[in-house]
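The structure appears right after this line, and notes come after that.
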Amino acid sequence: MLTNILTVVILVTTALAHGDHEQQVPIQGPHKALWYNTLPGDGGTQADSVFSGISTFGRLPYFPCLASDDVKYDIAFIGAPFDTGTSYRPGARFGPSGIRQGSRRLNLYGGYNVPLETNPFNSWATVLDCGDIPVTSYDNTWALHQIEEGHNSILTRAPATDAKKKGPAKNGKTLPRVITLGGDHTITLPLLRSVNRAYGPISVIHFDSHLDTWKPKVFGGSPSKVASINHGTYFYHASQEGLLANDSNIHAGIRTTLSGPSDYENDGYCGFEIVEAREIDTIGMNGIIKKIKDRVGTTKPVYLSIDIDTLDPAFAPATGTPETGGWSTRELRTILRGLEGINLIAADIVEVAPAYDTNAEHTTMAAADALYEVMSLMVKKGPLSKMIESEEAEGRDEV
């Protein structure tokens, strides 16, 4: 009996104590400083645990750029989860999320790129991950329209830096740069359509094991207009639509089989020069870099498209149409760094299909690392307004 009385007294006392301690505000989480610290050394900010949290590319700040234009940026990452233009293995619709996952540790130590002597995560540039373009998987024509319009919306806004200075885009504008996460390679056609609206015909550097300039009748048979546009024909369509600058485009890493020699002839008509993968054994990485620079130059705007199957399947097995005999991840990254000085205005990486990857995420990490080099090149080059400043300075020197 006494025990029961004591129990009741304790319960009443506890209830009264809680009644006197009324909570006035919602419970607040830990202070930001507990999770995001200024790194020692030369600077930079990084989360303590790169394996936690929501994935963005390189753990960059996220903003839904297609839902709002309240935030300005100099470089934007955008996903295009489309894979219904593939001819062999589908799955690249999961490429954007896979690449983001593979990029988690890019700035674990601060993000400084030693060979390029720049830090793309801590520079003049405002860099954001804008999420993904909503893409239907039921209608290719509409999906490509969505990708073009989504990309153009991101591409044609005023940048965070030098928005009022003259730039290389139409009407003398300076625009931000956009890096697109694919998606199968079909997405490059709507991306080039978007770029054409902003810049006009563009020179293209294309890393791939395949030409992707096949005539629709040769690649896929072209049973319909929709089927004629796929990941092996999009450059043919880009050429026919006048999206490519004449005779200033180049493939690198090619090692595909052909329907015959006429495929190479057709590729030339589309405005491309070819660097085959096996040339690395004769002219080396420096020779390949020289061929690319000689072809596209260092004075005009350039678009960069990277198919992850440029890499040998030993380094990137998770792709739609793997081809043996490719380059290593180290070789590709070295060649990309060698493009320093080229005016990259936009880029994409495509054909990453994470379902075929190893448990160690070899392919998604390789894709993320390739884009880290691309982002570093863009940051080191400075705002696109500097293209015009350089041209004007050269003009004064000639006078």
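By convention here, the chains of the structure tokens are called A, B, ... in the order presented, each chain's residues are numbered starting at 1, and ligands are numbered starting at 1 in the order presented.
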Per residue of region 142-226 of chain A within 10 Å of region 299-304 of chain A, record the nearest atom pair and its distance in Å to one decimal, counting only C-alpha atoms, with rows in chain order and ascending residue number, as CSV.
```
residue,atom,partner,partner_atom,distance
A:Pro168,CA,A:Pro301,CA,7.3
A:Ala169,CA,A:Pro301,CA,8.7
A:Ile179,CA,A:Leu304,CA,9.3
A:Thr188,CA,A:Leu304,CA,9.9
A:Leu191,CA,A:Tyr303,CA,9.8
A:Leu192,CA,A:Tyr303,CA,8.3
A:Val195,CA,A:Tyr303,CA,8.5
A:Tyr199,CA,A:Pro301,CA,8.1
A:Gly200,CA,A:Pro301,CA,9.8
A:Pro201,CA,A:Pro301,CA,9.4
A:Ile202,CA,A:Val302,CA,6.1
A:Ser203,CA,A:Val302,CA,4.9
A:Val204,CA,A:Tyr303,CA,4.8
A:Ile205,CA,A:Leu304,CA,4.9
A:His206,CA,A:Leu304,CA,6.2
A:Phe207,CA,A:Leu304,CA,8.1
```
Keeping only C-alpha atoms, write the selected residues to a file as an mmCIF file, in the first residue's frame.
```
data_model
loop_
_atom_site.group_PDB
_atom_site.id
_atom_site.type_symbol
_atom_site.label_atom_id
_atom_site.label_comp_id
_atom_site.auth_asym_id
_atom_site.auth_seq_id
_atom_site.Cartn_x
_atom_site.Cartn_y
_atom_site.Cartn_z
ATOM 1 C CA PRO A 168 31.059 35.964 -76.423
ATOM 2 C CA ALA A 169 27.344 35.110 -76.515
ATOM 3 C CA ILE A 179 27.785 21.321 -66.975
ATOM 4 C CA THR A 188 23.839 16.311 -76.535
ATOM 5 C CA LEU A 191 22.019 20.709 -75.433
ATOM 6 C CA LEU A 192 23.643 21.890 -78.681
ATOM 7 C CA VAL A 195 23.836 26.445 -77.007
ATOM 8 C CA TYR A 199 25.998 31.406 -79.125
ATOM 9 C CA GLY A 200 25.307 30.293 -82.692
ATOM 10 C CA PRO A 201 27.246 27.406 -84.298
ATOM 11 C CA ILE A 202 29.794 26.001 -81.848
ATOM 12 C CA SER A 203 33.053 24.032 -82.048
ATOM 13 C CA VAL A 204 32.851 20.673 -80.281
ATOM 14 C CA ILE A 205 35.408 18.477 -78.559
ATOM 15 C CA HIS A 206 33.950 14.990 -78.337
ATOM 16 C CA PHE A 207 35.547 12.286 -76.179
#
```
Review point. So which residues of region 166-223 of chain A fall under strand (DSSP E or B) by DSSP, listed as JSON, numbers by chain?
Key: {"A": [177, 178, 179, 180, 181, 182, 202, 203, 204, 205, 206, 207]}
Check your understanding: So, counting only C-alpha atoms, which residue among A:Thr180, A:Thr334, A:Thr324, A:Thr84 is closest to Asn286 (chain A)?
Key -> A:Thr334
Please report as a Markdown table every residue of region 132-193 of chain A lying within 8 Å of region 229-249 of chain A, along with the nearest atom pair and their distance in Å (one decimal), using only C-alpha atoms.
```
| residue | atom | partner | partner_atom | distance |
| --- | --- | --- | --- | --- |
| A:Asp184 | CA | A:His231 | CA | 6.5 |
| A:His185 | CA | A:His231 | CA | 4.8 |
| A:Thr186 | CA | A:His231 | CA | 4.2 |
| A:Ile187 | CA | A:His231 | CA | 7.9 |
| A:Thr188 | CA | A:Tyr234 | CA | 7.2 |
| A:Leu189 | CA | A:Tyr234 | CA | 5.5 |
| A:Leu192 | CA | A:Leu243 | CA | 6.5 |
| A:Arg193 | CA | A:Leu243 | CA | 6.7 |
```
Take the residues from that selection and write them out as a PDB file, in the first residue's frame, keeping N, CA, C and O atoms.
```pdb
ATOM      1  N   ASP A 184      21.900   9.343 -71.566  1.00  0.00           N
ATOM      2  CA  ASP A 184      22.627   8.792 -72.704  1.00  0.00           C
ATOM      3  C   ASP A 184      23.003   9.929 -73.650  1.00  0.00           C
ATOM      4  O   ASP A 184      22.579  11.076 -73.491  1.00  0.00           O
ATOM      5  N   HIS A 185      23.827   9.601 -74.659  1.00  0.00           N
ATOM      6  CA  HIS A 185      24.444  10.656 -75.462  1.00  0.00           C
ATOM      7  C   HIS A 185      23.466  11.388 -76.371  1.00  0.00           C
ATOM      8  O   HIS A 185      23.803  12.434 -76.935  1.00  0.00           O
ATOM      9  N   THR A 186      22.262  10.884 -76.503  1.00  0.00           N
ATOM     10  CA  THR A 186      21.250  11.592 -77.279  1.00  0.00           C
ATOM     11  C   THR A 186      21.039  12.995 -76.739  1.00  0.00           C
ATOM     12  O   THR A 186      20.702  13.923 -77.495  1.00  0.00           O
ATOM     13  N   ILE A 187      21.246  13.193 -75.441  1.00  0.00           N
ATOM     14  CA  ILE A 187      20.967  14.505 -74.822  1.00  0.00           C
ATOM     15  C   ILE A 187      21.830  15.613 -75.397  1.00  0.00           C
ATOM     16  O   ILE A 187      21.469  16.792 -75.292  1.00  0.00           O
ATOM     17  N   THR A 188      22.961  15.264 -76.008  1.00  0.00           N
ATOM     18  CA  THR A 188      23.839  16.311 -76.535  1.00  0.00           C
ATOM     19  C   THR A 188      23.168  17.093 -77.665  1.00  0.00           C
ATOM     20  O   THR A 188      23.469  18.274 -77.866  1.00  0.00           O
ATOM     21  N   LEU A 189      22.247  16.471 -78.401  1.00  0.00           N
ATOM     22  CA  LEU A 189      21.550  17.203 -79.458  1.00  0.00           C
ATOM     23  C   LEU A 189      20.710  18.348 -78.899  1.00  0.00           C
ATOM     24  O   LEU A 189      20.879  19.499 -79.337  1.00  0.00           O
ATOM     25  N   LEU A 192      23.052  21.063 -77.623  1.00  0.00           N
ATOM     26  CA  LEU A 192      23.643  21.890 -78.681  1.00  0.00           C
ATOM     27  C   LEU A 192      22.611  22.841 -79.284  1.00  0.00           C
ATOM     28  O   LEU A 192      22.950  23.957 -79.702  1.00  0.00           O
ATOM     29  N   ARG A 193      21.359  22.408 -79.347  1.00  0.00           N
ATOM     30  CA  ARG A 193      20.303  23.322 -79.795  1.00  0.00           C
ATOM     31  C   ARG A 193      20.188  24.508 -78.846  1.00  0.00           C
ATOM     32  O   ARG A 193      20.031  25.655 -79.271  1.00  0.00           O
TER      33      ARG A 193
END
```
Practice item. With a distance cut-off of 10 Å and only C-alpha atoms, select the neighbouring residues of Met285 (chain A), excluding the residue or stretch itself and same-chain residues fewer than 6 positions from it, and output the selection as a list in words. Key: Glu279, Lys291, Glu331, Leu332, Thr334, Ile335, Leu336 and Gly338 of chain A
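Restricting the calculation to only C-alpha atoms, the smallest distance between Val178 (chain A) and any of A:Asn140, A:Thr282, A:Ser262, A:Ser305 is found for A:Ser305.
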Check your understanding: Excluding same-chain residues fewer than 5 positions from Leu181 (chain A), what lies within 6 Å of it counting only C-alpha atoms, as number ranges by chain?
Key -> A: 79-80, 96, 348-349
For the selection you just gave me, I'd like the residues written to a file as a PDB file, in the first residue's frame, keeping N, CA, C and O atoms.
```
ATOM      1  N   GLY A  79      21.208  17.979 -64.119  1.00  0.00           N
ATOM      2  CA  GLY A  79      21.082  16.601 -64.572  1.00  0.00           C
ATOM      3  C   GLY A  79      20.059  16.457 -65.684  1.00  0.00           C
ATOM      4  O   GLY A  79      19.060  17.171 -65.725  1.00  0.00           O
ATOM      5  N   ALA A  80      20.309  15.509 -66.589  1.00  0.00           N
ATOM      6  CA  ALA A  80      19.366  15.186 -67.666  1.00  0.00           C
ATOM      7  C   ALA A  80      19.174  13.671 -67.673  1.00  0.00           C
ATOM      8  O   ALA A  80      19.833  12.952 -68.433  1.00  0.00           O
ATOM      9  N   PRO A  96      22.861  10.887 -63.478  1.00  0.00           N
ATOM     10  CA  PRO A  96      23.042  12.084 -62.649  1.00  0.00           C
ATOM     11  C   PRO A  96      23.175  11.776 -61.162  1.00  0.00           C
ATOM     12  O   PRO A  96      24.072  12.300 -60.486  1.00  0.00           O
ATOM     13  N   ASP A 348      29.201  18.403 -71.086  1.00  0.00           N
ATOM     14  CA  ASP A 348      28.370  17.327 -70.551  1.00  0.00           C
ATOM     15  C   ASP A 348      29.217  16.096 -70.355  1.00  0.00           C
ATOM     16  O   ASP A 348      30.300  15.958 -70.932  1.00  0.00           O
ATOM     17  N   ILE A 349      28.742  15.187 -69.507  1.00  0.00           N
ATOM     18  CA  ILE A 349      29.293  13.841 -69.401  1.00  0.00           C
ATOM     19  C   ILE A 349      28.116  12.892 -69.452  1.00  0.00           C
ATOM     20  O   ILE A 349      27.074  13.128 -68.830  1.00  0.00           O
TER      21      ILE A 349
END
```
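Between Phe82 (chain A) and the residues A:Lys381, A:His362, A:Arg197, A:His145, the shortest atom-to-atom distance, using only C-alpha atoms, involves A:His145.
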Review point. DSSP says helix (DSSP H, G or I) for which residues of region 206-305 of chain A? Put them as a ChimeraX atom specification?
Key: /A:234-240,262-269,277-281,284-296
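A straight line drawn from CA of Asn359 (chain A) to CA of Pro134 (chain A) is 28.1 Å long.
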